[in-house]
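So this block is upload-v1.cif, mmCIF, N, CA and C atoms:
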data_data
#
loop_
_atom_site.label_atom_id
_atom_site.label_comp_id
_atom_site.auth_asym_id
_atom_site.auth_seq_id
_atom_site.Cartn_x
_atom_site.Cartn_y
_atom_site.Cartn_z
N MET T 15 -12.27 -104.25 13.86
CA MET T 15 -12.70 -102.94 14.25
C MET T 15 -12.49 -102.71 15.75
N SER T 16 -12.73 -103.74 16.56
CA SER T 16 -12.58 -103.60 18.01
C SER T 16 -11.13 -103.31 18.40
N ILE T 17 -10.20 -103.97 17.72
CA ILE T 17 -8.78 -103.74 18.03
C ILE T 17 -8.42 -102.30 17.70
N ALA T 18 -8.89 -101.80 16.58
CA ALA T 18 -8.62 -100.41 16.21
C ALA T 18 -9.16 -99.44 17.26
N ARG T 19 -10.32 -99.76 17.80
CA ARG T 19 -10.89 -98.90 18.86
C ARG T 19 -10.00 -98.93 20.10
N VAL T 20 -9.57 -100.11 20.48
CA VAL T 20 -8.70 -100.23 21.66
C VAL T 20 -7.39 -99.49 21.43
N GLU T 21 -6.82 -99.64 20.24
CA GLU T 21 -5.56 -98.96 19.94
C GLU T 21 -5.73 -97.45 19.86
N GLY T 22 -6.95 -96.98 19.62
CA GLY T 22 -7.22 -95.55 19.54
C GLY T 22 -7.42 -94.88 20.87
N LEU T 23 -7.56 -95.65 21.95
CA LEU T 23 -7.74 -95.06 23.27
C LEU T 23 -6.43 -94.41 23.72
N PRO T 24 -6.50 -93.25 24.32
CA PRO T 24 -5.27 -92.54 24.70
C PRO T 24 -4.67 -93.02 26.02
N ALA T 25 -5.12 -94.14 26.56
CA ALA T 25 -4.73 -94.55 27.90
C ALA T 25 -3.32 -95.16 28.01
N ASP T 26 -2.74 -95.63 26.92
CA ASP T 26 -1.47 -96.34 27.03
C ASP T 26 -0.52 -95.92 25.90
N TYR T 27 0.67 -95.50 26.27
CA TYR T 27 1.69 -95.07 25.31
C TYR T 27 2.04 -96.17 24.31
N TYR T 28 2.05 -97.42 24.75
CA TYR T 28 2.47 -98.53 23.90
C TYR T 28 1.35 -99.10 23.04
N LEU T 29 0.10 -98.67 23.25
CA LEU T 29 -1.02 -99.10 22.41
C LEU T 29 -1.34 -97.98 21.43
N TYR T 30 -0.91 -98.16 20.23
CA TYR T 30 -1.15 -97.18 19.18
C TYR T 30 -1.63 -97.93 17.94
N SER T 31 -2.06 -97.24 16.94
CA SER T 31 -2.59 -97.87 15.74
C SER T 31 -1.56 -98.82 15.13
N GLY T 32 -1.92 -100.08 15.03
CA GLY T 32 -1.03 -101.10 14.47
C GLY T 32 -0.19 -101.84 15.50
N ALA T 33 -0.28 -101.47 16.77
CA ALA T 33 0.56 -102.09 17.80
C ALA T 33 0.22 -103.57 17.99
N THR T 34 -1.03 -103.93 17.89
CA THR T 34 -1.43 -105.33 18.07
C THR T 34 -0.85 -106.19 16.96
N ASP T 35 -0.97 -105.72 15.73
CA ASP T 35 -0.40 -106.45 14.60
C ASP T 35 1.11 -106.57 14.74
N ARG T 36 1.74 -105.50 15.14
CA ARG T 36 3.19 -105.52 15.33
C ARG T 36 3.58 -106.51 16.43
N ALA T 37 2.83 -106.54 17.51
CA ALA T 37 3.12 -107.46 18.61
C ALA T 37 2.95 -108.91 18.15
N LEU T 38 1.90 -109.20 17.41
CA LEU T 38 1.70 -110.57 16.90
C LEU T 38 2.82 -110.98 15.95
N ARG T 39 3.19 -110.08 15.05
CA ARG T 39 4.28 -110.40 14.10
C ARG T 39 5.59 -110.63 14.85
N ARG T 40 5.88 -109.83 15.86
CA ARG T 40 7.11 -109.99 16.63
C ARG T 40 7.11 -111.31 17.39
N TYR T 41 5.98 -111.65 17.97
CA TYR T 41 5.86 -112.90 18.72
C TYR T 41 6.10 -114.09 17.79
N ARG T 42 5.48 -114.07 16.62
CA ARG T 42 5.69 -115.15 15.64
C ARG T 42 7.14 -115.21 15.18
N GLN T 43 7.71 -114.05 14.90
CA GLN T 43 9.10 -113.99 14.42
C GLN T 43 10.05 -114.56 15.45
N PHE T 44 9.82 -114.25 16.72
CA PHE T 44 10.70 -114.74 17.78
C PHE T 44 10.73 -116.27 17.81
N LEU T 45 9.61 -116.88 17.51
CA LEU T 45 9.49 -118.34 17.60
C LEU T 45 9.98 -119.05 16.35
N GLN T 46 10.48 -118.31 15.36
CA GLN T 46 11.05 -118.89 14.14
C GLN T 46 12.56 -118.91 14.27
N PRO T 47 13.26 -119.80 13.67
CA PRO T 47 12.74 -120.93 12.92
C PRO T 47 12.25 -122.01 13.88
N ALA T 48 11.37 -122.85 13.37
CA ALA T 48 10.89 -123.96 14.19
C ALA T 48 12.06 -124.89 14.48
N GLY T 49 12.04 -125.52 15.59
CA GLY T 49 13.12 -126.43 15.96
C GLY T 49 13.07 -126.76 17.42
N ARG T 50 14.11 -127.42 17.86
CA ARG T 50 14.14 -127.85 19.25
C ARG T 50 15.04 -126.99 20.13
N ARG T 51 15.86 -126.17 19.54
CA ARG T 51 16.76 -125.35 20.35
C ARG T 51 15.98 -124.28 21.11
N PRO T 52 16.40 -124.01 22.34
CA PRO T 52 15.71 -122.98 23.13
C PRO T 52 15.87 -121.59 22.52
N ARG T 53 14.91 -120.74 22.79
CA ARG T 53 14.96 -119.34 22.40
C ARG T 53 15.11 -118.53 23.67
N TYR T 54 15.79 -117.39 23.58
CA TYR T 54 16.06 -116.56 24.74
C TYR T 54 15.59 -115.13 24.48
N PRO T 55 14.59 -114.66 25.21
CA PRO T 55 14.17 -113.26 25.05
C PRO T 55 15.34 -112.32 25.35
N GLN T 56 15.36 -111.20 24.66
CA GLN T 56 16.42 -110.21 24.82
C GLN T 56 15.81 -108.89 25.27
N ASP T 57 16.53 -108.15 26.09
CA ASP T 57 16.10 -106.81 26.46
C ASP T 57 16.19 -105.90 25.24
N ALA T 58 15.30 -104.94 25.15
CA ALA T 58 15.35 -103.95 24.07
C ALA T 58 16.44 -102.94 24.40
N GLU T 59 17.09 -102.42 23.37
CA GLU T 59 18.13 -101.40 23.55
C GLU T 59 17.53 -100.08 24.02
N CYS T 60 16.28 -99.85 23.63
CA CYS T 60 15.62 -98.57 23.90
C CYS T 60 14.17 -98.86 24.29
N SER T 61 13.60 -98.04 25.14
CA SER T 61 12.23 -98.29 25.59
C SER T 61 11.19 -97.46 24.83
N CYS T 62 11.57 -96.84 23.72
CA CYS T 62 10.57 -96.09 22.95
C CYS T 62 9.55 -97.06 22.37
N ARG T 63 8.43 -96.55 21.92
CA ARG T 63 7.34 -97.45 21.48
C ARG T 63 7.72 -98.29 20.27
N GLY T 64 8.69 -97.91 19.49
CA GLY T 64 9.12 -98.73 18.36
C GLY T 64 10.14 -99.77 18.77
N CYS T 65 11.21 -99.34 19.41
CA CYS T 65 12.29 -100.25 19.80
C CYS T 65 11.88 -101.24 20.88
N SER T 66 10.90 -100.89 21.68
CA SER T 66 10.51 -101.78 22.78
C SER T 66 10.05 -103.14 22.28
N PHE T 67 9.59 -103.23 21.04
CA PHE T 67 9.16 -104.51 20.47
C PHE T 67 10.34 -105.43 20.16
N ASP T 68 11.56 -104.93 20.28
CA ASP T 68 12.73 -105.82 20.14
C ASP T 68 12.71 -106.88 21.23
N ASP T 69 12.10 -106.57 22.35
CA ASP T 69 11.94 -107.53 23.44
C ASP T 69 10.59 -108.22 23.26
N VAL T 70 10.61 -109.51 22.96
CA VAL T 70 9.37 -110.26 22.71
C VAL T 70 8.46 -110.24 23.93
N ARG T 71 9.03 -110.09 25.11
CA ARG T 71 8.20 -110.02 26.31
C ARG T 71 7.34 -108.77 26.30
N HIS T 72 7.87 -107.69 25.76
CA HIS T 72 7.06 -106.47 25.61
C HIS T 72 5.92 -106.70 24.62
N ALA T 73 6.21 -107.39 23.53
CA ALA T 73 5.15 -107.71 22.56
C ALA T 73 4.04 -108.49 23.25
N ARG T 74 4.42 -109.44 24.10
CA ARG T 74 3.41 -110.23 24.82
C ARG T 74 2.66 -109.37 25.83
N ASP T 75 3.35 -108.39 26.46
CA ASP T 75 2.69 -107.45 27.36
C ASP T 75 1.59 -106.67 26.61
N VAL T 76 1.91 -106.21 25.41
CA VAL T 76 0.95 -105.45 24.61
C VAL T 76 -0.25 -106.32 24.29
N LEU T 77 -0.01 -107.56 23.89
CA LEU T 77 -1.12 -108.47 23.59
C LEU T 77 -1.99 -108.70 24.82
N ALA T 78 -1.37 -108.84 25.97
CA ALA T 78 -2.13 -109.03 27.21
C ALA T 78 -3.01 -107.82 27.49
N GLU T 79 -2.48 -106.64 27.29
CA GLU T 79 -3.25 -105.42 27.53
C GLU T 79 -4.42 -105.30 26.57
N VAL T 80 -4.18 -105.60 25.31
CA VAL T 80 -5.26 -105.54 24.32
C VAL T 80 -6.34 -106.55 24.69
N LEU T 81 -5.95 -107.75 25.09
CA LEU T 81 -6.93 -108.78 25.47
C LEU T 81 -7.83 -108.32 26.61
N THR T 82 -7.28 -107.58 27.56
CA THR T 82 -8.10 -107.13 28.69
C THR T 82 -9.12 -106.07 28.28
N ARG T 83 -8.86 -105.37 27.17
CA ARG T 83 -9.72 -104.26 26.77
C ARG T 83 -10.74 -104.62 25.68
N LEU T 84 -10.62 -105.78 25.09
CA LEU T 84 -11.51 -106.15 23.99
C LEU T 84 -12.84 -106.70 24.49
N PRO T 85 -13.90 -106.53 23.70
CA PRO T 85 -15.17 -107.19 24.02
C PRO T 85 -15.03 -108.71 23.84
N PRO T 86 -15.96 -109.49 24.36
CA PRO T 86 -15.82 -110.95 24.41
C PRO T 86 -15.49 -111.65 23.09
N ARG T 87 -16.20 -111.41 22.03
CA ARG T 87 -15.95 -112.15 20.78
C ARG T 87 -14.56 -111.85 20.19
N PRO T 88 -14.19 -110.57 19.99
CA PRO T 88 -12.85 -110.31 19.47
C PRO T 88 -11.75 -110.79 20.44
N ARG T 89 -12.03 -110.71 21.75
CA ARG T 89 -11.07 -111.21 22.74
C ARG T 89 -10.83 -112.70 22.55
N ALA T 90 -11.90 -113.46 22.34
CA ALA T 90 -11.77 -114.90 22.15
C ALA T 90 -10.97 -115.23 20.89
N GLU T 91 -11.20 -114.48 19.81
CA GLU T 91 -10.47 -114.72 18.56
C GLU T 91 -8.99 -114.44 18.73
N LEU T 92 -8.67 -113.29 19.34
CA LEU T 92 -7.26 -112.96 19.56
C LEU T 92 -6.64 -113.92 20.57
N ALA T 93 -7.38 -114.31 21.58
CA ALA T 93 -6.87 -115.23 22.60
C ALA T 93 -6.50 -116.58 21.99
N ARG T 94 -7.24 -117.05 21.00
CA ARG T 94 -6.89 -118.31 20.33
C ARG T 94 -5.54 -118.20 19.63
N ALA T 95 -5.34 -117.11 18.91
CA ALA T 95 -4.07 -116.91 18.20
C ALA T 95 -2.91 -116.77 19.20
N VAL T 96 -3.12 -115.99 20.23
CA VAL T 96 -2.08 -115.78 21.24
C VAL T 96 -1.82 -117.08 22.01
N GLY T 97 -2.87 -117.84 22.29
CA GLY T 97 -2.71 -119.10 23.02
C GLY T 97 -1.83 -120.09 22.28
N ASP T 98 -1.98 -120.17 20.97
CA ASP T 98 -1.12 -121.06 20.18
C ASP T 98 0.34 -120.61 20.27
N LEU T 99 0.56 -119.30 20.17
CA LEU T 99 1.92 -118.78 20.28
C LEU T 99 2.48 -118.99 21.69
N ASP T 100 1.62 -118.81 22.70
CA ASP T 100 2.05 -119.02 24.08
C ASP T 100 2.53 -120.46 24.30
N ALA T 101 1.81 -121.41 23.75
CA ALA T 101 2.19 -122.82 23.91
C ALA T 101 3.57 -123.07 23.30
N THR T 102 3.80 -122.48 22.14
CA THR T 102 5.11 -122.63 21.49
C THR T 102 6.19 -121.92 22.30
N TYR T 103 5.87 -120.73 22.80
CA TYR T 103 6.82 -119.96 23.62
C TYR T 103 7.23 -120.78 24.86
N LEU T 104 6.28 -121.40 25.50
CA LEU T 104 6.58 -122.23 26.68
C LEU T 104 7.50 -123.39 26.32
N ARG T 105 7.24 -124.01 25.17
CA ARG T 105 8.08 -125.14 24.74
C ARG T 105 9.48 -124.70 24.34
N ARG T 106 9.60 -123.51 23.75
CA ARG T 106 10.87 -123.08 23.16
C ARG T 106 11.74 -122.26 24.10
N THR T 107 11.22 -121.85 25.26
CA THR T 107 12.01 -121.08 26.22
C THR T 107 12.19 -121.90 27.48
N LEU T 108 13.14 -121.49 28.29
CA LEU T 108 13.45 -122.20 29.53
C LEU T 108 13.00 -121.38 30.73
N PRO T 109 12.58 -122.05 31.80
CA PRO T 109 12.17 -121.30 33.00
C PRO T 109 13.38 -120.64 33.66
N ASP T 110 13.14 -119.48 34.23
CA ASP T 110 14.17 -118.75 34.97
C ASP T 110 13.76 -118.73 36.44
N PRO T 111 14.44 -119.51 37.27
CA PRO T 111 14.03 -119.58 38.68
C PRO T 111 14.22 -118.28 39.45
N PHE T 112 15.00 -117.35 38.91
CA PHE T 112 15.26 -116.09 39.61
C PHE T 112 14.57 -114.90 38.97
N ALA T 113 13.66 -115.15 38.06
CA ALA T 113 13.01 -114.06 37.32
C ALA T 113 12.25 -113.11 38.23
N ALA T 114 11.63 -113.62 39.28
CA ALA T 114 10.84 -112.75 40.16
C ALA T 114 11.72 -111.67 40.80
N GLN T 115 12.98 -111.97 41.07
CA GLN T 115 13.89 -110.98 41.65
C GLN T 115 14.51 -110.07 40.58
N ARG T 116 14.67 -110.59 39.36
CA ARG T 116 15.37 -109.86 38.30
C ARG T 116 14.46 -109.07 37.39
N GLN T 117 13.28 -109.55 37.17
CA GLN T 117 12.46 -109.09 36.08
C GLN T 117 11.36 -108.14 36.54
N TRP T 118 11.22 -107.05 35.82
CA TRP T 118 10.09 -106.16 36.01
C TRP T 118 8.86 -106.96 35.63
N GLN T 119 7.83 -106.92 36.41
CA GLN T 119 6.60 -107.69 36.21
C GLN T 119 6.91 -109.20 36.21
N GLY T 120 7.72 -109.62 37.15
CA GLY T 120 8.09 -111.03 37.26
C GLY T 120 6.94 -111.94 37.61
N ASP T 121 5.78 -111.36 37.91
CA ASP T 121 4.61 -112.18 38.20
C ASP T 121 3.94 -112.69 36.91
N LEU T 122 4.30 -112.13 35.76
CA LEU T 122 3.74 -112.57 34.48
C LEU T 122 4.53 -113.78 33.97
N TRP T 123 3.83 -114.85 33.63
CA TRP T 123 4.50 -116.11 33.29
C TRP T 123 5.48 -115.95 32.13
N TRP T 124 5.18 -115.11 31.13
CA TRP T 124 6.08 -114.98 29.97
C TRP T 124 7.33 -114.19 30.31
N ARG T 125 7.34 -113.52 31.45
CA ARG T 125 8.55 -112.83 31.89
C ARG T 125 9.40 -113.70 32.82
N ARG T 126 8.90 -114.87 33.17
CA ARG T 126 9.66 -115.79 34.03
C ARG T 126 10.38 -116.85 33.20
N ARG T 127 10.80 -116.47 32.01
CA ARG T 127 11.55 -117.36 31.14
C ARG T 127 12.98 -116.85 31.06
N LEU T 128 13.93 -117.75 30.89
CA LEU T 128 15.34 -117.41 30.88
C LEU T 128 15.68 -116.49 29.71
N ALA T 129 16.26 -115.35 30.01
CA ALA T 129 16.64 -114.38 28.99
C ALA T 129 18.14 -114.42 28.76
N GLY T 130 18.59 -113.71 27.74
CA GLY T 130 20.00 -113.66 27.42
C GLY T 130 20.33 -114.68 26.36
N GLY T 131 21.58 -115.11 26.33
CA GLY T 131 21.95 -116.09 25.31
C GLY T 131 21.82 -115.51 23.92
N ARG T 132 21.60 -116.37 22.94
CA ARG T 132 21.45 -115.95 21.55
C ARG T 132 19.99 -116.06 21.14
N GLU T 133 19.44 -114.97 20.62
CA GLU T 133 18.07 -115.05 20.11
C GLU T 133 18.05 -115.81 18.80
N ASP T 134 19.08 -115.66 17.99
CA ASP T 134 19.17 -116.34 16.71
C ASP T 134 20.13 -117.51 16.88
N PRO T 135 19.64 -118.67 17.29
CA PRO T 135 20.52 -119.77 17.63
C PRO T 135 21.22 -120.36 16.43
N LEU T 136 22.29 -121.07 16.72
CA LEU T 136 22.99 -121.80 15.67
C LEU T 136 22.06 -122.88 15.13
N PRO T 137 22.28 -123.33 13.90
CA PRO T 137 21.41 -124.37 13.34
C PRO T 137 21.39 -125.62 14.21
N ASP T 138 20.24 -126.23 14.30
CA ASP T 138 20.05 -127.46 15.06
C ASP T 138 20.61 -128.60 14.21
N PRO T 139 21.67 -129.29 14.67
CA PRO T 139 22.28 -130.34 13.86
C PRO T 139 21.34 -131.52 13.60
N SER T 140 20.27 -131.66 14.38
CA SER T 140 19.35 -132.76 14.17
C SER T 140 18.34 -132.46 13.06
N GLU T 141 18.26 -131.19 12.62
CA GLU T 141 17.35 -130.84 11.54
C GLU T 141 18.01 -131.13 10.21
N PRO T 142 17.24 -131.57 9.22
CA PRO T 142 17.82 -131.79 7.88
C PRO T 142 18.39 -130.48 7.35
N THR T 143 19.48 -130.57 6.60
CA THR T 143 20.16 -129.40 6.07
C THR T 143 19.23 -128.52 5.24
N SER T 144 18.31 -129.12 4.51
CA SER T 144 17.42 -128.33 3.66
C SER T 144 16.50 -127.42 4.47
N ARG T 145 16.26 -127.75 5.74
CA ARG T 145 15.37 -126.93 6.57
C ARG T 145 16.13 -125.85 7.32
N ARG T 146 17.45 -125.94 7.39
CA ARG T 146 18.24 -124.94 8.11
C ARG T 146 18.20 -123.62 7.36
N ARG T 147 18.24 -122.57 8.13
CA ARG T 147 18.26 -121.23 7.55
C ARG T 147 19.63 -120.95 7.00
N ARG T 148 19.68 -120.39 5.82
CA ARG T 148 20.95 -120.01 5.19
C ARG T 148 21.41 -118.67 5.77
N ARG T 149 22.69 -118.53 5.97
CA ARG T 149 23.25 -117.27 6.49
C ARG T 149 24.03 -116.57 5.42
#
Produce C-alpha cells that represent the structure in this file.
Amino acid sequence: MSIARVEGLPADYYLYSGATDRALRRYRQFLQPAGRRPRYPQDAECSCRGCSFDDVRHARDVLAEVLTRLPPRPRAELARAVGDLDATYLRRTLPDPFAAQRQWQGDLWWRRRLAGGREDPLPDPSEPTSRRRRR
C-alpha cells in the first residue's frame, strides 16, 4: 500500500502506478542469465516514461527515489530486495573510471559502471550447454 501511495504522488514524471514493479522486473531481467560474463547497461532510445526503463540505470534511479519516499518498514523490505540485486549488479558490471565526466548523475554508484558493449552477451563457454539460453 505504501508503494502505491508513493507512486500516486504527482511529484515525479517517472513515478507512476506500477513503476516500482516495472523497475524491479527490469533490474532482475538485466541480471539474467546468471553467469560470469559482464553485463553492460545501455542507454534508452527514448526518454519517455515507458522507454526509459530500457536503461537499467534508470530503473535503479526509480527504485532509489521510491526508497527515499517510503516509510521505514516498507523501505526496509524494498531495500532488502534492491540490495540483493545491487550486489549482483556490482559483480556483473565493470567500473567505468570516466563515468563522472560522461554520465548524468555520475555521483550515483550504479551509474559509474561501464556501459555499451552487448547487453545480451554470447553464451559463457564455461557454463554447461544445458544452462545456456537457446537462441
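Among the candidates T:Pro109, T:Pro86, T:Gly97, T:Gly64, the residue lying nearest to Tyr28 in chain T is T:Gly64 (atoms considered: only C-alpha atoms).
Distance annotation: of T:Ala25, T:Ala129, T:Leu99, T:Ala33, the residue with the minimal separation from Arg63 in chain T is T:Ala33; atom set is only C-alpha atoms.
Remark: for Leu77 in chain T, the closest of the candidate residues T:Ala95, T:Leu108, T:Arg125, T:Glu59 is T:Ala95 (distances computed over only C-alpha atoms).
Remark: for Gln56 in chain T, the closest of the candidate residues T:Arg89, T:Arg39, T:Arg116, T:Arg71 is T:Arg71 (distances computed over all atoms listed in the file).
Atom N of Pro85 in chain T to CA of Thr34 in chain T spans 13.7 Å [interatomic distance, one decimal].
In this structure, CA of Arg40 in chain T sits 6.6 Å away from atom C of Phe67 in chain T.
Distance annotation: of T:Glu79, T:Glu21, T:Asp69, T:Asp98, the residue with the minimal separation from Tyr54 in chain T is T:Asp69; atom set is only C-alpha atoms.
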Practice item. Return as a ChimeraX atom specification the set of residues that the PyMOL selection byres ((chain T and resi 53) around 7) yields on the displayed structure. Key: /T:44,50-52,54-55,105-108,128-129,132-133,135
Exercise for review: Between CA of Thr102 in chain T and CA of Gln43 in chain T, measure the distance and give it in Å to one decimal.
Suggested key: 11.9 Å
Practice item. Determine which residues of chain T DSSP labels as helix (DSSP H, G or I) from the backbone of this structure, then write them out as a ChimeraX atom specification. Key: /T:16-22,33-44,65-68,70-83,86-106,113-116,123-125,143-145
Review point. So which residues touch Asp110 in chain T within 5 Å, counting all atoms listed in the file, skipping near sequence neighbours fewer than 3 positions away, as an MDAnalysis selection string?
Key: chainID T and resid 113 126:128
Write out N, CA, C and O atoms for range 16-33 of chain T, as a PDB file, keeping the file's coordinate frame.
ATOM      1  N   SER T  16     -12.730-103.740  16.560  1.00  0.00           N
ATOM      2  CA  SER T  16     -12.580-103.600  18.010  1.00  0.00           C
ATOM      3  C   SER T  16     -11.130-103.310  18.400  1.00  0.00           C
ATOM      4  O   SER T  16     -10.880-102.504  19.283  1.00  0.00           O
ATOM      5  N   ILE T  17     -10.200-103.970  17.720  1.00  0.00           N
ATOM      6  CA  ILE T  17      -8.780-103.740  18.030  1.00  0.00           C
ATOM      7  C   ILE T  17      -8.420-102.300  17.700  1.00  0.00           C
ATOM      8  O   ILE T  17      -7.730-101.636  18.471  1.00  0.00           O
ATOM      9  N   ALA T  18      -8.890-101.800  16.580  1.00  0.00           N
ATOM     10  CA  ALA T  18      -8.620-100.410  16.210  1.00  0.00           C
ATOM     11  C   ALA T  18      -9.160 -99.440  17.260  1.00  0.00           C
ATOM     12  O   ALA T  18      -8.506 -98.443  17.588  1.00  0.00           O
ATOM     13  N   ARG T  19     -10.320 -99.760  17.800  1.00  0.00           N
ATOM     14  CA  ARG T  19     -10.890 -98.900  18.860  1.00  0.00           C
ATOM     15  C   ARG T  19     -10.000 -98.930  20.100  1.00  0.00           C
ATOM     16  O   ARG T  19      -9.742 -97.890  20.700  1.00  0.00           O
ATOM     17  N   VAL T  20      -9.570-100.110  20.480  1.00  0.00           N
ATOM     18  CA  VAL T  20      -8.700-100.230  21.660  1.00  0.00           C
ATOM     19  C   VAL T  20      -7.390 -99.490  21.430  1.00  0.00           C
ATOM     20  O   VAL T  20      -6.912 -98.771  22.307  1.00  0.00           O
ATOM     21  N   GLU T  21      -6.820 -99.640  20.240  1.00  0.00           N
ATOM     22  CA  GLU T  21      -5.560 -98.960  19.940  1.00  0.00           C
ATOM     23  C   GLU T  21      -5.730 -97.450  19.860  1.00  0.00           C
ATOM     24  O   GLU T  21      -4.765 -96.708  20.044  1.00  0.00           O
ATOM     25  N   GLY T  22      -6.950 -96.980  19.620  1.00  0.00           N
ATOM     26  CA  GLY T  22      -7.220 -95.550  19.540  1.00  0.00           C
ATOM     27  C   GLY T  22      -7.420 -94.880  20.870  1.00  0.00           C
ATOM     28  O   GLY T  22      -7.450 -93.652  20.955  1.00  0.00           O
ATOM     29  N   LEU T  23      -7.560 -95.650  21.950  1.00  0.00           N
ATOM     30  CA  LEU T  23      -7.740 -95.060  23.270  1.00  0.00           C
ATOM     31  C   LEU T  23      -6.430 -94.410  23.720  1.00  0.00           C
ATOM     32  O   LEU T  23      -5.364 -94.988  23.555  1.00  0.00           O
ATOM     33  N   PRO T  24      -6.500 -93.250  24.320  1.00  0.00           N
ATOM     34  CA  PRO T  24      -5.270 -92.540  24.700  1.00  0.00           C
ATOM     35  C   PRO T  24      -4.670 -93.020  26.020  1.00  0.00           C
ATOM     36  O   PRO T  24      -3.757 -92.397  26.528  1.00  0.00           O
ATOM     37  N   ALA T  25      -5.120 -94.140  26.560  1.00  0.00           N
ATOM     38  CA  ALA T  25      -4.730 -94.550  27.900  1.00  0.00           C
ATOM     39  C   ALA T  25      -3.320 -95.160  28.010  1.00  0.00           C
ATOM     40  O   ALA T  25      -2.779 -95.211  29.093  1.00  0.00           O
ATOM     41  N   ASP T  26      -2.740 -95.630  26.920  1.00  0.00           N
ATOM     42  CA  ASP T  26      -1.470 -96.340  27.030  1.00  0.00           C
ATOM     43  C   ASP T  26      -0.520 -95.920  25.900  1.00  0.00           C
ATOM     44  O   ASP T  26      -0.864 -96.035  24.724  1.00  0.00           O
ATOM     45  N   TYR T  27       0.670 -95.500  26.270  1.00  0.00           N
ATOM     46  CA  TYR T  27       1.690 -95.070  25.310  1.00  0.00           C
ATOM     47  C   TYR T  27       2.040 -96.170  24.310  1.00  0.00           C
ATOM     48  O   TYR T  27       2.303 -95.898  23.148  1.00  0.00           O
ATOM     49  N   TYR T  28       2.050 -97.420  24.750  1.00  0.00           N
ATOM     50  CA  TYR T  28       2.470 -98.530  23.900  1.00  0.00           C
ATOM     51  C   TYR T  28       1.350 -99.100  23.040  1.00  0.00           C
ATOM     52  O   TYR T  28       1.588 -99.948  22.195  1.00  0.00           O
ATOM     53  N   LEU T  29       0.100 -98.670  23.250  1.00  0.00           N
ATOM     54  CA  LEU T  29      -1.020 -99.100  22.410  1.00  0.00           C
ATOM     55  C   LEU T  29      -1.340 -97.980  21.430  1.00  0.00           C
ATOM     56  O   LEU T  29      -1.960 -96.995  21.787  1.00  0.00           O
ATOM     57  N   TYR T  30      -0.910 -98.160  20.230  1.00  0.00           N
ATOM     58  CA  TYR T  30      -1.150 -97.180  19.180  1.00  0.00           C
ATOM     59  C   TYR T  30      -1.630 -97.930  17.940  1.00  0.00           C
ATOM     60  O   TYR T  30      -1.624 -99.173  17.922  1.00  0.00           O
ATOM     61  N   SER T  31      -2.060 -97.240  16.940  1.00  0.00           N
ATOM     62  CA  SER T  31      -2.590 -97.870  15.740  1.00  0.00           C
ATOM     63  C   SER T  31      -1.560 -98.820  15.130  1.00  0.00           C
ATOM     64  O   SER T  31      -0.437 -98.421  14.809  1.00  0.00           O
ATOM     65  N   GLY T  32      -1.920-100.080  15.030  1.00  0.00           N
ATOM     66  CA  GLY T  32      -1.030-101.100  14.470  1.00  0.00           C
ATOM     67  C   GLY T  32      -0.190-101.840  15.500  1.00  0.00           C
ATOM     68  O   GLY T  32       0.534-102.770  15.157  1.00  0.00           O
ATOM     69  N   ALA T  33      -0.280-101.470  16.770  1.00  0.00           N
ATOM     70  CA  ALA T  33       0.560-102.090  17.800  1.00  0.00           C
ATOM     71  C   ALA T  33       0.220-103.570  17.990  1.00  0.00           C
ATOM     72  O   ALA T  33       1.120-104.394  18.207  1.00  0.00           O
TER      73      ALA T  33
END
